[in-house]
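Chemist: The structure's right below; bear with me while I get my questions together.
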2 protein chains.
Amino acid sequence: MRIYTFDTTLRDGTQGEAISFTVEDKLMIAQKLDELGIDYIEGGWPGSNPRDKEFFVRARELRLHHARLTAFGSTRFARNRVDRDPNVRALLEAGTPAVAIFGKTWDFHARRALGITEEENLKLISETVRYLKEHGREVIFDAEHFFDGYKANPGFALRCLEAAKAAGADVLVLCDTNGGTLTSQVAEIVAEVRRRFDGTLGIHCHNDADLAVANTLAAVEQGCTHVQGTINGYGERCGNANLCSVIANLELKMGHTTIGREKLTNLTSVARFVAELANLPLRADQPYVGRSAFAHKGGVHVSAVLKDAATYEHVPPALVGNRQRVLLSDLSGRGNIFYKLKQHGLADRLSEEARRELLERIKHLEYRGYELEAAEGTFELLVREALHPGLRFFELVSFEVTTRMEDDKHSRTHATVTVRTRDGVHSATAQGHGPVNALDLCLRQCLASVYPSIANVRLTDYKVRVLDSKKGTAARVRVLIEWSDHRRSWTTVGVSDNIIEASWRALVDAIRLELMRLSEQDETIEKVVEDYCWGV
Amino acid sequence: MRIYTFDTTLRDGTQGEAISFTVEDKLMIAQKLDELGIDYIEGGWPGSNPRDKEFFVRARELRLHHARLTAFGSTRFARNRVDRDPNVRALLEAGTPAVAIFGKTWDFHARRALGITEEENLKLISETVRYLKEHGREVIFDAEHFFDGYKANPGFALRCLEAAKAAGADVLVLCDTNGGTLTSQVAEIVAEVRRRFDGTLGIHCHNDADLAVANTLAAVEQGCTHVQGTINGYGERCGNANLCSVIANLELKMGHTTIGREKLTNLTSVARFVAELANLPLRADQPYVGRSAFAHKGGVHVSAVLKDAATYEHVPPALVGNRQRVLLSDLSGRGNIFYKLKQHGLADRLSEEARRELLERIKHLEYRGYELEAAEGTFELLVREALHPGLRFFELVSFEVTTRMEDDKHSRTHATVTVRTRDGVHSATAQGHGPVNALDLCLRQCLASVYPSIANVRLTDYKVRVLDSKKGTAARVRVLIEWSDHRRSWTTVGVSDNIIEASWRALVDAIRLELMRLSEQDETIEKVVEDYCWGV
């Protein structure tokens with residue numbers, strides 16, 4: 001059966017404690033979700049904060065090929081006429097084809113949080129739904145706290161659904177807002193609602209009892225055909241139903257169609273992409289998409305898996321774009337790289353020795369904490385360097401960077417960089433906003449006369465993560481820098497116990513890569529890198 | 001009903017990619033699990049590695065008041081007589097009152113992994129169970145891959161259970177070893193087994209489909225009274241059923257008794273203790289026990305929760321030893337801030353004017369890109385400073401930090417810091433692994449003689465995020481640093497277009513806060529002000 005996916009990473013996901021997206025982040029994620037084949041993308045709550053309002057303005061530039069962009073809001077406030085309610089207005093101004101509005105369906109909440117009667121509550125729901133329908137929107141009604149409401153007062157909860165339905169709501173979404181309902185209760189209550197209502201029913205679960213995915217699947221078994229959740233399960237408190245797990249289970253185990261089997265192979269890369277933008281490590285043990293999801297450690301498991309993967313793998317990892325890892329041998333990653341090189345005919349262009357050297361370099365970097373899957377730029381550079389061993393463009397002679405601050409006022413940084421290029425030694429000194437900026441300015445000044453084209457490369461994101469936190473301020477850090485040259489963007493990585501050195505390495509890789517690319521336009525290499533880094 | 005808990009953190013948990021416990025760690029965890037009221041503690045597989053063997057020798061020193069220590073192993077090898085099988089011998093030598101042995105119940109596995117016939121497999125099971133029973137052990141039979149086996153060949157799977165039962169097994173544990181079974185299938189298959197077998201049935205689930213907790217509860221609903229899992233869900237691949245969630249759900253939502261309501265209040269501290277020994281951050285969004293499990297961010301949620309916690313909390317957090325937190329952000333209003341003040345017991349101690357000033361300061365910092373919601377430490381410092389406007393402890397005179405690198409070899413950083421304290425000006429110079437480390441060393445050296453207690457504060461995590469990516473390497477960055485003093489942890493934040501300055505500000509806030517806390521803890525406020533208010 002076709003099950004519709006509704007992603008709320010950009011709205012409910014941002015209620016997660018650690019989650020904070022810029023408008024740019026949100027736009028990039030929306031684009032990615034569309035490519036993944038998500039049916040509805042809830043972009044934010046335009047009535048609640050200016051950032052979400054701006055998102056919907058800028059979202060008009062997006063080219064969504066499949067997804068319906070959705071704005072979120074509440075039913076009108078009790079005091080307001082619906083056509084003058086600022087929240088409802090903001091919903092319409094967002095200009096999206098679909099809107100999701102939540103209304104109270106738990107008597108305790110209507111009484112306690114809003115302080116209104118049952119009749120008033122029904123009016124809020126029906127007037128708001130009808131008004132939005134009259135303005136041509138697809139209306140998704142989120143029945144907030146539906147399961148708690150049903151348990152407390154089933155008559156009240158059902159009358160709220162009826163009000164939304166009668167006013168024309170296209171989807172009735174049953175929400176387990178507090179996330180505390182047991183799976184068997186969800187199944188029972190959804191079955192009861194299904195008996196009373198025709199049309200599309202949806203499910204929205206939270207993970208407070210560690211049951212969000214199971215509850216979502218149970219609801220589908222009882223007739224829901226619209227599932228809400230977030231990438232990686234981000235969301236308020238313990239998070240929302242993890243859409244990665246929900247989609248994979250529906251597609252691979254329950255015989256339903258959501259994004260389709262072909263796009264399913266992008267699931268792992270999308271999960272990692274969203275985690276990167278959230279600046280959170282993707283949980284290694286996350287089902288289906290985590291690094292450890294198909295990693296085998298125990299001796300018994302490893303030897304059985306090498307005979308037949310199905311002995312200890314519930315699905316073939318490639319179906320979700322993930323891969324098997326055997327932790328004892330440490331060979332899996334390199335095999336994969338070699339396979340990719342071969343697939344694109346690059347392996348033949350490398351001598352036996354160059355190939356071995358490349359694999360050794362990658363192994364060494366991974367051992368030191370480099371994460372090449374998140375840094376396709378650095379990986380591409382390694383492959384290009386293996387193909388053109390002599391091509392270095394420039395080499396560091398020395399750099400020095402100093403930051404001074406006095407009397408708690410603004411700090412100042414200056415740097416000196418000396419590099420050797422094919423036409424001699426170049427030195428430059430510059431002041432910068434910070435050490436990375438100062439080093440960047442110096443390096444470009446050194447190279448400007450020899451390679452003027454690098455002027456276009458600029459930093460677009462910069463992330464730092466501690467690798468071994470036991471060591472306090474002496475811990476090793478990994479710096480990921482995202483770059484763009486207006487045509488495309490790429491990420492480079494540097495690892496060191498010195499944040500300046502790690503940043504420098506990522507900076508140098510980015511500049512070298514750009515020079516490599518300019519000197520040799522090679523689409524095959526780009527294809528390999530894309531495949532490897534995004535897990536096709 | 002009484003449900004028995006079987007913890008395998010020390011055995012299956014250690015198969016998790018990131019998990020590695022020393023023997024000492026394992027002994028401490030076993031003690032803690034006993035205190036928590038766990039019924040069975042599976043300590044390891046003595047036949048598989050020397051560390052686990054040593055654990056059982058040293059475990060004799062433990063004083064377990066409630067739990068039965070359990071050794072894990074397999075049925076005898078096909079070639080060996082049971083009384084000469086080294087694995088079975090190691091099980092007996094472990095000297096535990098209970099043993100858990102796993103046997104094949106999936107025909108595919110018996111054939112493919114062991115290469116034996118059905119008859120031989122049944123013999124392995126019954127001979128091993130009988131032998132261990134003859135030696136006075138409680139025998140827990142883990143039916144490996146039972147659900148996959150039942151789906152493939154129910155007759156074979158059931159005959160394996162029968163063999164174990166007939167030989168005297170005390171508990172038959174149905175294992176979803178690959179973790180891929182759906183909840184409704186688990187319920188159906190357990191119900192079928194329950195109809196055919198009396199006695200104690202157990203359940204052992206893995207989380208590969210994100211369903212381990214739900215599957216465990218479904219099995220209990222169908223008659224299992226023995227539940228296996230691990231603290232925090234550690235385990236191979238995606239982990240085991242999270243025993244924290246299972247126990248809390250059984251006790252608080254399903255009316256069963258496991259460790260009892262009184263000991264349940266230790267659940268959060270045990271989860272953190274085990275995470276601490278595993279050297280992994282406890283997942284903030286982990287149900288029931290995570291830092292964010294009862295954290296409220298959205299404005300609507302916050303104002304409702306302040307009226308009545310049950311509006312957005314599925315259970316009272318105190319029942320599992322956790323607590324409510326209200327987060328600060330642009331999603332929330334003034335309600336959150338006053339809640340915070342109250343929480344720290346400070347609201348009444350601030351004058352109307354001091355309160356207004358504090359709000360202005362917070363607003364201004366947020367506008368500049370500070371994220372106080374993720375930096376409770378900085379927020380607490382602001383409040384404490386509002387309370388004691390003159391209390392500065394120290395002031396920066398100047399710092400200078402320089403990083404040099406030559407010939408692409410290792411970089412070197414040295415710093416000089418000068419600060420003014422109540423007893424004069426202090427200067428220090430130090431080399432560090434990087435600029436933050438070097439500044440940290442200098443600052444501590446400057447303050448050591450005046451405030452020796454700050455030696456305990458150490459960095460545990462460090463995160464950097466670009467705020468306005470359009471500006472390239474000149475972009476503003478936000479640095480979040482997590483600190484710990486062995487009693488508790490807190491996060492401070494610094495924002496600047498210079499990463500060094502931003503890190504410095506977060507560093508200074510952390511040290512100042514620790515001094516504030518120590519001074520207020522030890523003495524009355526009047527005394528503090530008298531002692532420390534040198535700068536008024």
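As shown in the structure tokens, the chain order sets the letters A, B, ...; within each chain, residues go from 1, and ligands are also counted from 1 in the order they appear.
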Relative to chain A, what is the Cα RMSD of chain B after a least-squares superposition using every Cα atom paired in order?

Modeler: 6.7 Å

Chemist: Can you pull out the residues contacting Met254 of chain B? Cut-off 12 Å, using only C-alpha atoms, and skip same-chain residues under 3 positions away; I want them as a VMD selection string.

Modeler: (chain A and resid 180 to 185 209) or (chain B and resid 1 to 3 217 to 218 220 to 221 246 to 251 257 to 258)

Chemist: Could you take the residues named above and write them with N, CA, C and O atoms, as a CSV table (one decimal), in the first residue's frame?

Modeler:
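For reference, selection-v4.csv as written:
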chain,number,residue,atom,x,y,z
A,180,GLY,N,3.9,8.8,25.6
A,180,GLY,CA,3.9,7.8,26.7
A,180,GLY,C,2.9,6.6,26.4
A,180,GLY,O,2.8,5.8,27.3
A,181,THR,N,2.3,6.5,25.2
A,181,THR,CA,1.3,5.5,25.0
A,181,THR,C,2.0,4.2,24.6
A,181,THR,O,3.0,4.2,23.9
A,182,LEU,N,1.5,3.1,25.1
A,182,LEU,CA,2.0,1.7,24.8
A,182,LEU,C,1.6,1.3,23.4
A,182,LEU,O,0.5,1.7,22.9
A,183,THR,N,2.4,0.5,22.8
A,183,THR,CA,2.1,0.0,21.4
A,183,THR,C,0.7,-0.7,21.3
A,183,THR,O,0.0,-0.4,20.4
A,184,SER,N,0.4,-1.5,22.3
A,184,SER,CA,-0.9,-2.2,22.1
A,184,SER,C,-2.1,-1.3,22.3
A,184,SER,O,-3.1,-1.4,21.7
A,185,GLN,N,-1.9,-0.2,23.1
A,185,GLN,CA,-2.9,0.8,23.2
A,185,GLN,C,-3.1,1.6,21.9
A,185,GLN,O,-4.2,1.9,21.5
A,209,ALA,N,8.5,6.9,25.7
A,209,ALA,CA,8.5,5.5,26.2
A,209,ALA,C,9.4,4.6,25.4
A,209,ALA,O,9.3,3.4,25.6
B,1,MET,N,2.1,-8.4,38.0
B,1,MET,CA,2.9,-9.6,38.0
B,1,MET,C,4.3,-9.4,38.1
B,1,MET,O,4.9,-8.4,37.8
B,2,ARG,N,5.0,-10.4,38.7
B,2,ARG,CA,6.5,-10.2,38.9
B,2,ARG,C,7.2,-10.6,37.6
B,2,ARG,O,7.0,-11.7,37.1
B,3,ILE,N,7.9,-9.7,37.1
B,3,ILE,CA,8.7,-9.9,35.9
B,3,ILE,C,10.2,-9.9,36.3
B,3,ILE,O,10.7,-9.0,36.9
B,217,LEU,N,8.1,-5.6,25.4
B,217,LEU,CA,6.9,-5.4,26.1
B,217,LEU,C,5.8,-6.3,25.4
B,217,LEU,O,4.9,-6.8,26.2
B,218,ALA,N,5.8,-6.4,24.1
B,218,ALA,CA,4.8,-7.2,23.5
B,218,ALA,C,4.9,-8.7,23.9
B,218,ALA,O,3.9,-9.4,24.1
B,220,VAL,N,6.0,-9.6,26.8
B,220,VAL,CA,5.5,-9.7,28.2
B,220,VAL,C,3.9,-9.8,28.2
B,220,VAL,O,3.3,-10.6,28.9
B,221,GLU,N,3.4,-9.0,27.3
B,221,GLU,CA,1.9,-9.0,27.2
B,221,GLU,C,1.4,-10.4,26.8
B,221,GLU,O,0.3,-10.8,27.1
B,246,VAL,N,12.7,-0.6,29.4
B,246,VAL,CA,11.8,-1.7,29.6
B,246,VAL,C,11.3,-1.7,31.1
B,246,VAL,O,10.1,-1.9,31.3
B,247,ILE,N,12.3,-1.5,32.0
B,247,ILE,CA,11.9,-1.5,33.4
B,247,ILE,C,10.9,-0.4,33.7
B,247,ILE,O,9.9,-0.6,34.4
B,248,ALA,N,11.2,0.8,33.3
B,248,ALA,CA,10.3,1.9,33.6
B,248,ALA,C,8.9,1.7,33.0
B,248,ALA,O,7.9,1.9,33.6
B,249,ASN,N,8.8,1.2,31.8
B,249,ASN,CA,7.5,0.9,31.2
B,249,ASN,C,6.8,-0.2,31.9
B,249,ASN,O,5.6,-0.1,32.2
B,250,LEU,N,7.5,-1.3,32.3
B,250,LEU,CA,6.8,-2.4,33.0
B,250,LEU,C,6.3,-1.9,34.3
B,250,LEU,O,5.1,-2.2,34.7
B,251,GLU,N,7.1,-1.1,35.0
B,251,GLU,CA,6.7,-0.6,36.4
B,251,GLU,C,5.6,0.5,36.3
B,251,GLU,O,4.6,0.4,37.1
B,257,THR,N,5.8,-5.7,38.4
B,257,THR,CA,6.9,-5.4,39.4
B,257,THR,C,8.2,-6.0,38.9
B,257,THR,O,8.2,-7.2,38.5
B,258,THR,N,9.2,-5.2,38.8
B,258,THR,CA,10.5,-5.7,38.4
B,258,THR,C,11.5,-5.4,39.6
B,258,THR,O,11.6,-6.2,40.5

Chemist: Which of these, B:Leu10, B:Leu381, B:Ala502, B:Val186, has the shortest distance to Tyr462 of chain B once you count only C-alpha atoms?

Modeler: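 Under the stated criterion, the closest residue is B:Ala502.
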
Chemist: Within 10 Å of Ala310 of chain A, counting only C-alpha atoms, which residues qualify if same-chain residues fewer than 4 places away don't, as a VMD selection string?

Modeler: (chain A and resid 304 to 306 314 to 316) or (chain B and resid 108 to 109 178)

Chemist: Nearest to chain A: which of B:Met405, B:Cys175, B:Ala375, B:Leu252 is it, counting only C-alpha atoms?

Modeler: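 Nearest candidate to chain A out of B:Met405, B:Cys175, B:Ala375, B:Leu252: B:Met405.
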
Chemist: For Met28 of chain B, which residue among B:Cys205, B:Leu62, B:Val57, B:Leu480 is the nearest when counting only C-alpha atoms?

Modeler: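 Closest candidate: B:Leu62.
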
Chemist: With distances taken over only C-alpha atoms, which of B:Val419, B:Leu69, B:Ile41, B:Ala59 is nearest to chain A?

Modeler: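 Looking at the shortest contact to chain A, the residue is B:Val419.
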
Chemist: Nearest to chain A among B:Thr421, B:Ser269, B:Thr403, B:Asn456, with distances taken over only C-alpha atoms: which residue is it?

Modeler: B:Thr403

Chemist: Quick one: pull the distance between atom CA of Leu267 of chain B and atom CA of Gln15 of chain B, Å, one decimal.

Modeler: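 Answer for the atom CA of Leu267 of chain B to atom CA of Gln15 of chain B separation: 22.6 Å.
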
Chemist: I want to know what sits within 8 Å of segment 271-281 of chain B, based on only C-alpha atoms, with residues of the same chain fewer than 4 positions away left out; could you give that as a VMD selection string?

Modeler: chain B and resid 19 to 21 25 29 231 to 232 244 267 289

Chemist: Put those residues in a file: N, CA and C atoms, as a PDB file, in the first residue's frame.

Modeler:
ATOM      1  N   ILE B  19      32.089  -0.062  23.043  1.00  0.00           N
ATOM      2  CA  ILE B  19      32.111  -0.468  24.451  1.00  0.00           C
ATOM      3  C   ILE B  19      33.325  -1.324  24.781  1.00  0.00           C
ATOM      4  N   SER B  20      34.019  -0.950  25.824  1.00  0.00           N
ATOM      5  CA  SER B  20      35.126  -1.758  26.308  1.00  0.00           C
ATOM      6  C   SER B  20      35.254  -1.532  27.804  1.00  0.00           C
ATOM      7  N   PHE B  21      35.029  -2.583  28.590  1.00  0.00           N
ATOM      8  CA  PHE B  21      35.126  -2.455  30.051  1.00  0.00           C
ATOM      9  C   PHE B  21      36.343  -3.222  30.564  1.00  0.00           C
ATOM     10  N   ASP B  25      35.892  -2.248  35.928  1.00  0.00           N
ATOM     11  CA  ASP B  25      34.624  -1.646  35.506  1.00  0.00           C
ATOM     12  C   ASP B  25      33.486  -2.642  35.685  1.00  0.00           C
ATOM     13  N   ILE B  29      30.153  -2.297  37.949  1.00  0.00           N
ATOM     14  CA  ILE B  29      28.813  -2.291  37.345  1.00  0.00           C
ATOM     15  C   ILE B  29      27.952  -3.393  37.955  1.00  0.00           C
ATOM     16  N   ILE B 231      21.802  -2.004  30.087  1.00  0.00           N
ATOM     17  CA  ILE B 231      21.672  -0.606  30.502  1.00  0.00           C
ATOM     18  C   ILE B 231      22.019   0.284  29.300  1.00  0.00           C
ATOM     19  N   ASN B 232      21.189   1.253  29.028  1.00  0.00           N
ATOM     20  CA  ASN B 232      21.363   2.194  27.907  1.00  0.00           C
ATOM     21  C   ASN B 232      21.294   1.516  26.540  1.00  0.00           C
ATOM     22  N   CYS B 244      16.649   0.107  30.772  1.00  0.00           N
ATOM     23  CA  CYS B 244      16.114   1.278  31.489  1.00  0.00           C
ATOM     24  C   CYS B 244      14.681   1.557  31.032  1.00  0.00           C
ATOM     25  N   LEU B 267      17.179   4.694  38.791  1.00  0.00           N
ATOM     26  CA  LEU B 267      17.403   4.305  37.399  1.00  0.00           C
ATOM     27  C   LEU B 267      18.301   5.305  36.666  1.00  0.00           C
ATOM     28  N   VAL B 289      15.738   8.515  31.192  1.00  0.00           N
ATOM     29  CA  VAL B 289      16.940   8.846  31.966  1.00  0.00           C
ATOM     30  C   VAL B 289      17.832   9.925  31.343  1.00  0.00           C
TER      31      VAL B 289
END

Chemist: DSSP on the backbone: what in segment 140-373 of chain B comes out helix (DSSP H, G or I), as an MDAnalysis selection string?

Modeler: chainID B and resid 146:152 154:166 183:196 212:221 231:233 243:252 261:264 267:278 299:307 309:311 317:320 334:343 347:349 352:367 372:373

Chemist: At what distance in Å, to one decimal, does atom CA of Ile189 of chain A lie from atom CA of Cys224 of chain A?

Modeler: 11.6 Å

Chemist: Using only C-alpha atoms, determine which residues lie at most 9 Å from His426 of chain A, disregarding the query and same-chain residues fewer than 6 positions distant; provide the list as an MDAnalysis selection string.

Modeler: chainID A and resid 417:420 445:447

Chemist: Counting only C-alpha atoms, what is within 9 Å of Ala506 of chain B, bar same-chain residues fewer than 2 positions away, as a list in words?

Modeler: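 Once the nearby chain positions are removed, what remains is Thr378, Val479, Leu480, Ile481, Thr491, Thr492, Val493, Gly494, Val495, Glu501, Ala502, Ser503, Trp504, Val508, Asp509, Ala510 and Ile511 of chain B.
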
Chemist: So which residues touch segment 448-451 of chain B within 12 Å, counting only C-alpha atoms, skipping near sequence neighbours fewer than 5 positions away, as JSON, numbers by chain?

Modeler: {"B": [393, 394, 419, 420, 421, 422, 423, 424, 425, 426, 427, 428, 440, 441, 442, 443, 456, 457, 511, 512, 514, 515, 516, 518, 519, 531, 532]}

Chemist: Atom CA of Gln431 of chain B to atom CA of Arg505 of chain A: how many Å, to one decimal?

Modeler: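 Separation between atom CA of Gln431 of chain B and atom CA of Arg505 of chain A: 21.0 Å.
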
Chemist: Report the residues of segment 12-48 of chain B whose backbone DSSP state falls under strand (DSSP E or B), written as a ChimeraX atom specification.

Modeler: /B:40-44

Chemist: Deliver the residues from the most recent selection as a file, using N, CA and C atoms, as a CSV table (one decimal), in the first residue's frame.

Modeler:
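Output saved as part23.csv:
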chain,number,residue,atom,x,y,z
B,40,TYR,N,19.1,-11.1,37.5
B,40,TYR,CA,20.2,-11.9,37.0
B,40,TYR,C,21.3,-10.9,36.3
B,41,ILE,N,22.5,-11.1,36.7
B,41,ILE,CA,23.6,-10.3,36.0
B,41,ILE,C,24.5,-11.3,35.2
B,42,GLU,N,24.4,-11.2,33.9
B,42,GLU,CA,25.2,-12.0,33.1
B,42,GLU,C,26.6,-11.3,33.0
B,43,GLY,N,27.6,-12.0,33.5
B,43,GLY,CA,28.9,-11.3,33.7
B,43,GLY,C,29.8,-11.5,32.5
B,44,GLY,N,29.6,-12.4,31.7
B,44,GLY,CA,30.5,-12.6,30.5
B,44,GLY,C,30.5,-14.0,30.1
